[in-house]
Structure formats: C-alpha cells, structure tokens
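What follows is a single structure, written as structure tokens, with notes after it.
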Amino acid sequence: MSPARSTAPVRLSAVELRVLHLPLVSPFTTSFGTEDVREVIVVRALTDAGDGWGEVVTQHAPLYSSEYTHDAWDVLRRWLIPALLKRPAVSAEEVAGVLSPFVGHRMAKAGLETAVLDAALRAEGRSLASYLGAVRDRVPSGVSVGIQRDPAALVDAVGGYLDEGYARIKIKIKPGRDIGDTAAVREAFGSIPLQVDANSAYTIADAELLADLDPFDLLLIEQPLQEDDLVDHATLARRLRTPLCLDESIVSAKAAADAIALRAASVVNIKAGRVGGYLEAVAIHDLCRAAGLPVWCGGMLETGIGRAANAALAALPGFTLPGDVSASSRFYARDIVTEPITLDDGHVRVPTGDGLGIEIDHEALERFTVQRETIAR
C-alpha cells in the first residue's frame with residue numbers, strides 16, 4: 001500500500017442505512033429492462049472522527065448483477081456492519097479484509113468501505129482524488145443513452161446530449177436493436193466518439209452479427225456476452241476489428257488478470273461498486289495500465305455521492321477514455337448533494353474538498369428516503 005494511500009483508523013460507533021427512491025428525469029432502458037425510479041442505498045458511517053457517506057449501487061431487481069437492493073440491505077445489517085462494529089477501530093484499507101469472510105456482495109461492501117474512507121479522509125483534511133492518485137482536475141464526460149422507442153427517437157436523444165457538450169456517446173443495444181440503431185446515429189452525426197453496450201445480451205453464436213458493427217468505427221463494443229464467458233469473449237475478440245470491452249465480467253483484480261491473460265478484452269470498464277470498492281478499482285487500474293489496456297469509469301446511475309467519487313477515480317492516469325461520469329441532471333431533477341455534478345465544456349470537475357468533496361442536501365435526502373435503519377454498537 002502506497003503511504004499516500006493509507007488512512008488512520010477510525011472508531012465506528014454506528015452505521016445508518018437508507019433506501020432512497022429517486023425519480024429519473026426520463027426512463028432508462030437497457031437489455032435488462034426499464035427504470036423510471038432509481039432505488040439506491042445510502043450508507044452513513046458515524047465515527048469518532050466525523051461522518052462519512054457511501055452509496056450501494058444495487059438495483060431493485062437482480063438483473064445487472066446477482067445483487068439487489070434488499071439483498072444488500074440484509075447482508076449489510078446482519079453481517080457486514082456488525083463485523084466492522086466488533087473492531088475497536090478500523091482503517092479504510094482494512095475494511096475489505098474484515099469483510100472478506102463473507103462471500104460476494106461486492107456492491108454492499110463497496111458502499112460501506114466508501115463511507116469509512118470518506119469519514120477518515122474528512123478527518124485528515126484530504127480529498128479522495130489526492131488519496132487515489134488523481135492527475136487531472138477535470139475529466140471528459142460521456143453519456144449513456146438507453147434504448148429508445150425507435151432509431152429516430154434515439155437520434156433525437158443523442159442530438160440533445162451532443163448539444164449539451166458530452167464528449168462521447170454510448171448507446172445501449174440488444175438483439176433487434178443493434179445494427180439499425182448504430183447506423184442511424186453514425187449517419188446523423190458522422191465521426192463522433194461512439195460506443196455500444198450490450199449488457200450481456202448476446203452469445204458467441206451472434207459473432208457474425210456483432211462483426212457487422214465493425215464498419216461503424218466504434219470506440220468499443222462493451223460486454224456482448226455473459227459475465228462468466230471469458231473464453232468466449234476471447235474467441236469473439238479475435239473475430240472482431242472493433243475493440244472488445246469487458247464490464248460485468250470484471251468483478252475483481254483477479255478477474256481482470258484472467259481476462260488479460262486470455263486476451264478476452266482490449267479495454268476495461270471499471271465500476272467501483274461492481275468490484276468491491278475504490279481500492280480494488282485502483283488495483284484494477286494499476287494492473288491494466290501495466291498491461292497497456294486503456295480503462296474508463298462506468299456508471300450505475302449514481303447519486304451525487306457516487307458520482308463525485310467516480311470523478312476522482314476517473315482522474316487517475318490510466319483512464320484514457322471518456323467515462324460515464326455525466327452531470328447529475330442527466331438522471332435527476334434534484335440530487336441529494338448541495339452542489340450536483342455539472343458539465344463544463346464536455347468535462348466534469350474533480351471534487352477537491354475533504355473526503356468525497358460533497359455535502360449532503362438533507363432536505364432532499366429526507367424527501368427521497370423510503371426506509372431507514374441504524375445499526376449501532
């Protein structure tokens with residue numbers, strides 16, 4: 001562990017959990033389904049050094065991942081939080097080890113680790129960006145565009161985001177809504193930076209169809225096959241000219257190392273929640289950078305808590321492609337932080353304040369809370 005990437009232990013006295021229901025400004029459709037309300041868990045770590053905040057990026061149903069909101073809620077309150085509360089004090093770097101006996105539940109672990117990390121860094125007067133090793137004060141912002149009613153509606157949606165200044169467009173695809181949608185966007189907007197995301201909607205039997213995306217000069221095709229299909233992804237990668245990017249398959253640094261060894265990807269999407277936290281995300285970044293693979297920061301429709309943390313992560317040197325760190329207004333009419341993430345000339349600012357660099361809008365937090373519980377010593 002780098003000396004700069006270490007924090008003093010804090011004494012955890014309690015953890016408050018909240019389930020929020022935040023209305024989305026418009027429905028968001030992927031191959032998994034459609035969301036019009038974002039259900040998310042917010043974690044508040046109460047320590048002797050002050051409070052810290054984290055976010056559990058599960059969804060209402062186990063569609064993107066085997067984790068889902070009330071599964072995460074249950075494992076947090078029954079197992080993960082009590083395990084930390086048994087310790088007299090714990091540093092952020094120790095959280096993963098304390099929680100390691102409990103199999104899986106990476107999103108729940110990530111939210112808890114982030115809250116402890118935020119508290120520790122606030123107490124020390126350090127920003128998450130400096131702690132992680134950020135080298136930029138702003139990062140290029142891409143936007144993820146869900147599946148629309150038809151290609152014409154997709155073109156309209158993409159045009160709106162380009163007018164707002166987003167540096168890269170990602171469109172969701174699925175069987176029957178792939179070649180035509182991609183062609184429509186390319187025809188309408190020429191050589192804009194464009195990539196597609198399949199969210200595991202295809203199989204290796206669809207290799208020929210996916211190869212039909214090659215002529216569109218895409219930045220990448222993201223996660224075309226199932227998350228455990230590393231071997232098939234390696235086979236597919238050899239049949240495509242377009243770079244193949246893994247998302248759901250990369251659940252840890254070990255999984256990233258396996259994908260690199262198999263040549264199953266030439267690009268990696270890093271989501272801190274999916275891999276168990278920002279410390280594991282940095283380990284994956286370091287591994288990919290050493291192997292010469294570009295990485296970018298994916299999104300899970302985070303509130304301003306996770307969005308600020310993602311901006312800090314995306315400022316590391318290996319993040320050479322625009323990520324999904326879009327403005328808060330892309331998804332929410334009202335965020336739960338006092339200063340929502342905004343877009344400036346196609347970029348978002350990396351927060352420089354202590355910890356995550358955000359302050360909670362407590363009125364909004366109360367408005368969107370549908371369930372809460374505090375687990376104390």
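Residue names in the structure tokens use chain letters A, B, ... in the order shown, residue numbers from 1 in each chain, and ligand numbers from 1 in the order shown.
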
message: If we count only C-alpha atoms and set the cut-off at 12 Å, which residues sit around Ser65 of chain A, ignoring sequence neighbours fewer than 4 positions away in its own chain? Please answer as a ChimeraX atom specification.
response: /A:32,57-61,69,71-72,104-107,199-200,226-228,247-251,273-275,300

Requested write-out: C-alpha atoms of the selected residues, as a PDB file, in the first residue's frame:
ATOM      1  CA  PHE A  32     -32.199  -5.829 -18.737  1.00  0.00           C
ATOM      2  CA  VAL A  57     -25.244   0.813  -6.412  1.00  0.00           C
ATOM      3  CA  THR A  58     -27.540  -2.222  -6.486  1.00  0.00           C
ATOM      4  CA  GLN A  59     -30.804  -2.091  -8.387  1.00  0.00           C
ATOM      5  CA  HIS A  60     -34.293  -3.107  -7.302  1.00  0.00           C
ATOM      6  CA  ALA A  61     -34.034  -6.493  -9.046  1.00  0.00           C
ATOM      7  CA  THR A  69     -31.356  -3.649  -3.003  1.00  0.00           C
ATOM      8  CA  ASP A  71     -30.296  -8.417  -0.575  1.00  0.00           C
ATOM      9  CA  ALA A  72     -27.661  -5.733   0.068  1.00  0.00           C
ATOM     10  CA  GLY A 104     -19.625 -11.895  -2.730  1.00  0.00           C
ATOM     11  CA  HIS A 105     -21.838  -8.860  -2.045  1.00  0.00           C
ATOM     12  CA  ARG A 106     -19.257  -6.544  -3.588  1.00  0.00           C
ATOM     13  CA  MET A 107     -21.653  -3.635  -4.061  1.00  0.00           C
ATOM     14  CA  ASN A 199     -25.078  -5.697 -21.252  1.00  0.00           C
ATOM     15  CA  SER A 200     -24.525  -9.429 -21.946  1.00  0.00           C
ATOM     16  CA  GLN A 226     -22.433 -13.284 -20.387  1.00  0.00           C
ATOM     17  CA  GLU A 227     -20.257 -12.203 -17.471  1.00  0.00           C
ATOM     18  CA  ASP A 228     -18.701 -15.655 -16.963  1.00  0.00           C
ATOM     19  CA  ASP A 247     -17.770  -4.658 -17.829  1.00  0.00           C
ATOM     20  CA  GLU A 248     -19.795  -7.235 -15.857  1.00  0.00           C
ATOM     21  CA  SER A 249     -17.014  -9.822 -16.253  1.00  0.00           C
ATOM     22  CA  ILE A 250     -14.515  -7.705 -14.294  1.00  0.00           C
ATOM     23  CA  VAL A 251     -15.515  -8.237 -10.670  1.00  0.00           C
ATOM     24  CA  GLY A 273     -19.312  -0.782  -6.879  1.00  0.00           C
ATOM     25  CA  ARG A 274     -19.079  -3.841  -9.077  1.00  0.00           C
ATOM     26  CA  VAL A 275     -15.539  -4.694  -7.948  1.00  0.00           C
ATOM     27  CA  MET A 300     -24.594   2.923 -12.261  1.00  0.00           C
TER      28      MET A 300
END

message: Could you pull out the strand (DSSP E or B) residues of segment 34-275 of chain A, going by DSSP on the backbone, and write them as an NGL selection string?
response: :A and (34-47 or 50-56 or 90 or 127 or 138-145 or 168-172 or 174 or 177 or 194-197 or 221-222 or 244-246 or 267-270)

Written file, previous selection with C-alpha atoms, as an mmCIF file, in the first residue's frame:
data_model
loop_
_atom_site.group_PDB
_atom_site.id
_atom_site.type_symbol
_atom_site.label_atom_id
_atom_site.label_comp_id
_atom_site.auth_asym_id
_atom_site.auth_seq_id
_atom_site.Cartn_x
_atom_site.Cartn_y
_atom_site.Cartn_z
ATOM 1 C CA THR A 34 -36.521 -0.148 -17.907
ATOM 2 C CA GLU A 35 -36.041 2.003 -14.796
ATOM 3 C CA ASP A 36 -38.023 5.162 -14.125
ATOM 4 C CA VAL A 37 -37.177 5.363 -10.406
ATOM 5 C CA ARG A 38 -33.671 4.749 -9.101
ATOM 6 C CA GLU A 39 -33.711 2.672 -5.928
ATOM 7 C CA VAL A 40 -30.419 3.064 -4.082
ATOM 8 C CA ILE A 41 -28.972 2.544 -0.606
ATOM 9 C CA VAL A 42 -27.119 5.416 1.048
ATOM 10 C CA VAL A 43 -24.668 4.498 3.818
ATOM 11 C CA ARG A 44 -23.679 6.916 6.595
ATOM 12 C CA ALA A 45 -20.744 5.886 8.784
ATOM 13 C CA LEU A 46 -20.795 7.559 12.212
ATOM 14 C CA THR A 47 -17.276 7.636 13.637
ATOM 15 C CA GLY A 50 -16.974 12.535 11.996
ATOM 16 C CA ASP A 51 -19.456 11.150 9.496
ATOM 17 C CA GLY A 52 -18.737 9.621 6.103
ATOM 18 C CA TRP A 53 -21.014 8.780 3.192
ATOM 19 C CA GLY A 54 -21.178 5.937 0.690
ATOM 20 C CA GLU A 55 -23.586 4.547 -1.879
ATOM 21 C CA VAL A 56 -24.591 0.957 -2.662
ATOM 22 C CA VAL A 90 -10.674 0.235 11.573
ATOM 23 C CA SER A 127 -9.579 14.666 -0.806
ATOM 24 C CA ARG A 138 -11.408 17.546 -14.569
ATOM 25 C CA VAL A 139 -12.357 14.542 -16.664
ATOM 26 C CA PRO A 140 -14.091 14.188 -20.045
ATOM 27 C CA SER A 141 -17.707 13.198 -19.664
ATOM 28 C CA GLY A 142 -19.536 10.650 -21.759
ATOM 29 C CA VAL A 143 -23.223 9.905 -21.628
ATOM 30 C CA SER A 144 -25.032 6.558 -21.695
ATOM 31 C CA VAL A 145 -28.193 6.598 -23.820
ATOM 32 C CA ARG A 168 -18.620 10.681 -26.017
ATOM 33 C CA ILE A 169 -21.881 8.859 -26.731
ATOM 34 C CA LYS A 170 -22.645 5.313 -25.609
ATOM 35 C CA ILE A 171 -25.808 3.648 -26.851
ATOM 36 C CA LYS A 172 -27.367 0.541 -25.394
ATOM 37 C CA LYS A 174 -29.781 -5.684 -27.756
ATOM 38 C CA ARG A 177 -31.885 -3.027 -31.778
ATOM 39 C CA LEU A 194 -19.336 6.405 -30.261
ATOM 40 C CA GLN A 195 -19.503 3.072 -28.485
ATOM 41 C CA VAL A 196 -22.181 0.455 -27.863
ATOM 42 C CA ASP A 197 -23.077 -1.526 -24.749
ATOM 43 C CA ILE A 221 -18.259 -2.953 -28.029
ATOM 44 C CA GLU A 222 -18.984 -3.360 -24.322
ATOM 45 C CA LEU A 244 -13.920 -5.510 -27.110
ATOM 46 C CA CYS A 245 -14.522 -4.073 -23.634
ATOM 47 C CA LEU A 246 -15.469 -6.025 -20.517
ATOM 48 C CA VAL A 267 -10.437 -2.249 -22.934
ATOM 49 C CA VAL A 268 -11.831 -2.482 -19.381
ATOM 50 C CA ASN A 269 -14.736 -0.616 -17.818
ATOM 51 C CA ILE A 270 -14.076 -0.120 -14.090
#

Atom pair atom CA of Gly304 of chain A / atom CA of Thr342 of chain A: separation (Å):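 One can read the atom CA of Gly304 of chain A to atom CA of Thr342 of chain A distance as 10.3 Å.
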
- prompt: Looking only at the backbone, which of the residues in segment 100-319 of chain A does DSSP tag as alpha helix (DSSP H), as a PyMOL selection string?
  reply: chain A and resi 106-124+128-132+151-164+179-189+207-211+230-239+253-262+272-275+278-291+304-314

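Compared by their closest atoms to Ala153 of chain A, and using only C-alpha atoms, the residues A:Leu356, A:Ala184, A:Val282, A:Ala123 rank with A:Ala184 nearest.
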
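Counting only C-alpha atoms, Lys271 of chain A has the following residues at most 7 Å away, ignoring those fewer than 5 positions along the same chain: Cys297, Gly298 and Gly299 of chain A.
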
Write the residues you've just listed into a file as a PDB file, in the first residue's frame, and include N, CA and C atoms for each of them.
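Ended up saving to out-v1.pdb:
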ATOM      1  N   CYS A 297     -14.236   4.777 -16.669  1.00  0.00           N
ATOM      2  CA  CYS A 297     -15.076   4.658 -15.486  1.00  0.00           C
ATOM      3  C   CYS A 297     -16.542   4.573 -15.881  1.00  0.00           C
ATOM      4  N   GLY A 298     -17.130   3.417 -15.594  1.00  0.00           N
ATOM      5  CA  GLY A 298     -18.545   3.226 -15.890  1.00  0.00           C
ATOM      6  C   GLY A 298     -19.432   3.818 -14.812  1.00  0.00           C
ATOM      7  N   GLY A 299     -20.725   3.878 -15.095  1.00  0.00           N
ATOM      8  CA  GLY A 299     -21.680   4.446 -14.147  1.00  0.00           C
ATOM      9  C   GLY A 299     -22.827   3.505 -13.850  1.00  0.00           C
TER      10      GLY A 299
END
